[in-house]
Amino acid sequence: MKPFLLLLVVLMSCGAAGTAVHAQQPPLQPQEEFVPIDQLPPQDQLPAAPLLVAAYCFIVLALFGYLLSLARRLTTVQRELERLEGDVKRSGGA
Amino acid sequence: MFGQTVWLVLRKDFTIEVRSLEIAYTTLFFAISCVLVFAFALVQEGRAPEGGAAGILWIAIAFAGTLALGRTFERERQAETLRALLLAPAARPAVYVGKLLGIVVLLLAAELVLVPLVALLFQAPLFAHPVWLASILLTGTIGFAAVGTLFAAMLVRARSRDVLLPVLLYPITVPVIIAGVRATGALLQPEVDAGVLQVWLALLVCFDVVFVTLALWTFEPLMTD
Amino acid sequence: MPNWFLPAAAICGLMFATAPILIANAPYESTMGLVQKIFYVHLPAAWMFLLGGVLCGVASARYLFKGDPRQDRFAWACAELVVLFGALTLVTGPLWARKAWGVWWQWDVRLTSSLMGWMVAVAYLLLRKYGGPGSDKLAAGLALFGLANVPFIYISVNYWRTIHPLTTVVPTLPTSFGVPLWFSVATFVLLFVLLLRMRVRLEEQRARVDALYLSMDA
């Protein structure tokens with residue numbers, strides 16, 4: 001359910017951003033500094049949120065997925081190691 | 001001694017190849033087919049895409065080069081001559097350089113056919129500045145072949161070597177291909193910007209130096225069991 | 001697992017939990033607004049991507065020339081983390097770019113060379129998995145060539161015209177941005193060390209299994 005919702009949000013944001021792109025075409029310069037401001041300009045609020053959410057969700061899911069994969073591989077190897085050590089012990093040492 | 005070994009390896013490869021010309025013909029035909037496929041795919045209403053010639057030329061060189069590398073070392077593997085070469089009392093880097101030069105000569109021969117073909121099919125004025133073009137092709141080919149020879153040699157005894165060679169080779173040689181395409185593209189402009197061309201050529205030379213140095217350095221430990 | 005592992009993991013978890021608070025309280029950037037907050041995960045992920053690449057290359061060189069299998073295990077673990085953090089960078093970057101630059105992707109030097117560096121790491125993992133015996137040395141050779149790419153990725157934005165922010169951004173960062181950023185960086189570094197330790201342990205266990213099989217056949 002959650003991945004489907006996320007996908008839906010990302011797809012909708014693509015559509016929203018597509019129209020937003022036509023409105024904004026500033027001359028693109030590489031930034032040398034980040035400049036802080038306090039209040040968010042109103043036109044920036046909605047289209048950015050899905051992208052932000054998608055980015056953070058991806059980070060969390062990817063890291064969690066990797067941890068799961070690692071844990072799974074570790075337990076597999078651990079089990080095989082214990083099985084082998086049991087075999088070696090039973091056969092009275094190699 | 002180093003130069004003698006290089007010459008001997010080169011002559012050996014050349015002699016074997018000249019007997020059947022198998023790799024030369026098949027590589028060449030493959031490169032031509034590649035260019036033709038691009039021509040069929042990209043040409044619309046009888047006109048080629050703008051600036052497409054440079055990219056297509058280099059893609060054809062890259063694909064043909066991968067094929068030639070695979071075939072050359074497959075031949076070595078089947079005859080077990082690579083082991084013989086490594087057992088010989090010759091400096092390993094010299095063996096590497098000998099094989100590298102063999103591949104470079106093969107690819108340059110293919111390019112001799114490819115460049116006129118691309119110029120013809122895509123109406124690209126590739127022969128407007130032949131010296132520049134020759135230097136771009138030479139440096140680019142050396143860069144590509146330097147990494148390719150090393151990887152193909154080290155994959156000789158690996159499993160899945162056929163598919164692993166492009167998998168390993170392309171990400172590393174993409175900078176060389178990009179520089180080659182940009183340099184060739186700059187050459188095809190009506191007004192050639194010598195500054196831009198020199199930057200890309202300098203980059204190509206830089207890649208060549210780095211890759212050949214790295215390859216010479218790692219050939220010995222990589223080929224030792 | 002060593003004694004420091006569990007406490008460090010607990011601290012890392014806590015830092016991950018508190019980081020969003022710091023990030024949410026940071027001011028908005030003047031030209032990019034809300035979406036700039038991706039910066040606080042994109043930059044640490046990118047730095048871990050590059051760090052992993054450097055460590056993998058150095059360990060590979062040491063393995064290739066000295067033959068110590070521990071270096072090989074370390075290099076393999078680093079390569080996997082390069083793929084992980086590279087994926088994080090290459091996904092969060094375009095999500096940010098879609099709003100900030102108006103395009104998902106740009107074929108400029110940094111993005112292109114980062115993507116190629118990531119693919120070298122993927123190729124490394126494929127080689128280790130499918131290359132058969134002897135692929136440890138071959139992968140080490142590949143990693144060395146990939147290592148040559150890393151400094152190129154980092155400095156590329158300063159020499160070629162690009163819309164990616166330059167490396168001058170971080171040193172000139174105001175404190176209001178700096179605090180959440182460096183907290184994020186510390187979190188990611190700790191995470192990197194923990195994941196590396198776990199992954200190296202996996203290889204050590206695999207090596208023990210292999211040694212046991214060999215001793216049984218003898």
# chains A, B, ... in the order shown; residues from 1 in each chain; ligands from 1

call {"tool": "interface_residues", "arguments": {"of": "chain C", "to": "chain A", "cutoff": "6 Å", "atoms": "only C-alpha atoms", "output": "JSON, numbers by chain"}}
result
{"C": [27, 28, 29, 30, 35, 92, 95, 102, 163, 164, 165, 166, 168, 169, 202, 209, 216]}

call {"tool": "write_last_selection", "arguments": {"atoms": "N, CA and C atoms", "output": "PDB file, in the first residue's frame"}}
result
ATOM      1  N   PRO C  27      16.944  27.148   8.341  1.00  0.00           N
ATOM      2  CA  PRO C  27      16.249  28.109   7.476  1.00  0.00           C
ATOM      3  C   PRO C  27      16.163  27.605   6.046  1.00  0.00           C
ATOM      4  N   TYR C  28      15.226  28.202   5.296  1.00  0.00           N
ATOM      5  CA  TYR C  28      15.104  27.880   3.884  1.00  0.00           C
ATOM      6  C   TYR C  28      16.161  28.641   3.093  1.00  0.00           C
ATOM      7  N   GLU C  29      16.559  28.050   1.967  1.00  0.00           N
ATOM      8  CA  GLU C  29      17.538  28.719   1.121  1.00  0.00           C
ATOM      9  C   GLU C  29      16.803  29.677   0.186  1.00  0.00           C
ATOM     10  N   SER C  30      17.458  30.804  -0.145  1.00  0.00           N
ATOM     11  CA  SER C  30      16.725  31.893  -0.816  1.00  0.00           C
ATOM     12  C   SER C  30      16.241  31.528  -2.198  1.00  0.00           C
ATOM     13  N   VAL C  35      12.849  22.526  -1.187  1.00  0.00           N
ATOM     14  CA  VAL C  35      13.497  21.343  -1.747  1.00  0.00           C
ATOM     15  C   VAL C  35      14.989  21.297  -1.419  1.00  0.00           C
ATOM     16  N   THR C  92      18.552  11.021  -4.823  1.00  0.00           N
ATOM     17  CA  THR C  92      18.178  12.284  -4.162  1.00  0.00           C
ATOM     18  C   THR C  92      18.589  13.486  -5.000  1.00  0.00           C
ATOM     19  N   LEU C  95      15.943  14.197  -7.675  1.00  0.00           N
ATOM     20  CA  LEU C  95      14.717  14.671  -7.030  1.00  0.00           C
ATOM     21  C   LEU C  95      14.861  16.147  -6.650  1.00  0.00           C
ATOM     22  N   GLY C 102      14.874  22.417 -12.805  1.00  0.00           N
ATOM     23  CA  GLY C 102      13.830  22.199 -13.783  1.00  0.00           C
ATOM     24  C   GLY C 102      13.997  20.947 -14.616  1.00  0.00           C
ATOM     25  N   ILE C 163      25.695  23.530 -13.838  1.00  0.00           N
ATOM     26  CA  ILE C 163      24.780  24.195 -12.896  1.00  0.00           C
ATOM     27  C   ILE C 163      24.776  23.505 -11.540  1.00  0.00           C
ATOM     28  N   HIS C 164      25.599  22.463 -11.391  1.00  0.00           N
ATOM     29  CA  HIS C 164      25.695  21.833 -10.080  1.00  0.00           C
ATOM     30  C   HIS C 164      26.432  22.804  -9.144  1.00  0.00           C
ATOM     31  N   PRO C 165      25.983  22.945  -7.889  1.00  0.00           N
ATOM     32  CA  PRO C 165      26.683  23.854  -6.972  1.00  0.00           C
ATOM     33  C   PRO C 165      28.165  23.519  -6.851  1.00  0.00           C
ATOM     34  N   LEU C 166      28.988  24.550  -6.683  1.00  0.00           N
ATOM     35  CA  LEU C 166      30.438  24.359  -6.657  1.00  0.00           C
ATOM     36  C   LEU C 166      30.894  23.868  -5.284  1.00  0.00           C
ATOM     37  N   THR C 168      32.715  25.428  -3.412  1.00  0.00           N
ATOM     38  CA  THR C 168      32.846  26.549  -2.474  1.00  0.00           C
ATOM     39  C   THR C 168      31.633  26.674  -1.562  1.00  0.00           C
ATOM     40  N   VAL C 169      30.557  25.957  -1.876  1.00  0.00           N
ATOM     41  CA  VAL C 169      29.337  26.094  -1.063  1.00  0.00           C
ATOM     42  C   VAL C 169      29.576  25.674   0.378  1.00  0.00           C
ATOM     43  N   LEU C 202      30.712 -10.281   7.525  1.00  0.00           N
ATOM     44  CA  LEU C 202      30.102 -11.273   6.643  1.00  0.00           C
ATOM     45  C   LEU C 202      31.177 -12.002   5.835  1.00  0.00           C
ATOM     46  N   VAL C 209      33.934 -20.326   6.701  1.00  0.00           N
ATOM     47  CA  VAL C 209      33.198 -21.459   6.132  1.00  0.00           C
ATOM     48  C   VAL C 209      34.039 -22.149   5.066  1.00  0.00           C
ATOM     49  N   MET C 216      37.884 -30.048   5.734  1.00  0.00           N
ATOM     50  CA  MET C 216      37.158 -31.317   5.735  1.00  0.00           C
ATOM     51  C   MET C 216      37.547 -32.178   4.557  1.00  0.00           C
TER      52      MET C 216
END

call {"tool": "interface_residues", "arguments": {"of": "chain B", "to": "chain C", "cutoff": "12 Å", "atoms": "only C-alpha atoms", "output": "PyMOL selection string"}}
result
chain B and resi 146-148+150-176+178-179+196+199+203+206-207+209-225

call {"tool": "atom_distance", "arguments": {"atom1": "CA of Glu80 (chain B)", "atom2": "CA of Ile16 (chain B)"}}
result
14.3 Å

call {"tool": "atom_distance", "arguments": {"atom1": "CA of Arg197 (chain C)", "atom2": "CA of Leu147 (chain C)"}}
result
21.4 Å

call {"tool": "closest_residue", "arguments": {"among": "C:Trp107, C:Phe74, C:Phe39, C:Trp101", "to": "Thr89 (chain C)", "atoms": "only C-alpha atoms"}}
result
C:Phe39

call {"tool": "residues_around", "arguments": {"residues": "Cys56 (chain C)", "least_positions_apart": "6", "cutoff": "7 Å", "atoms": "only C-alpha atoms", "output": "list in words"}}
result
Ala75, Cys78, Ala79 and Ala143 of chain C
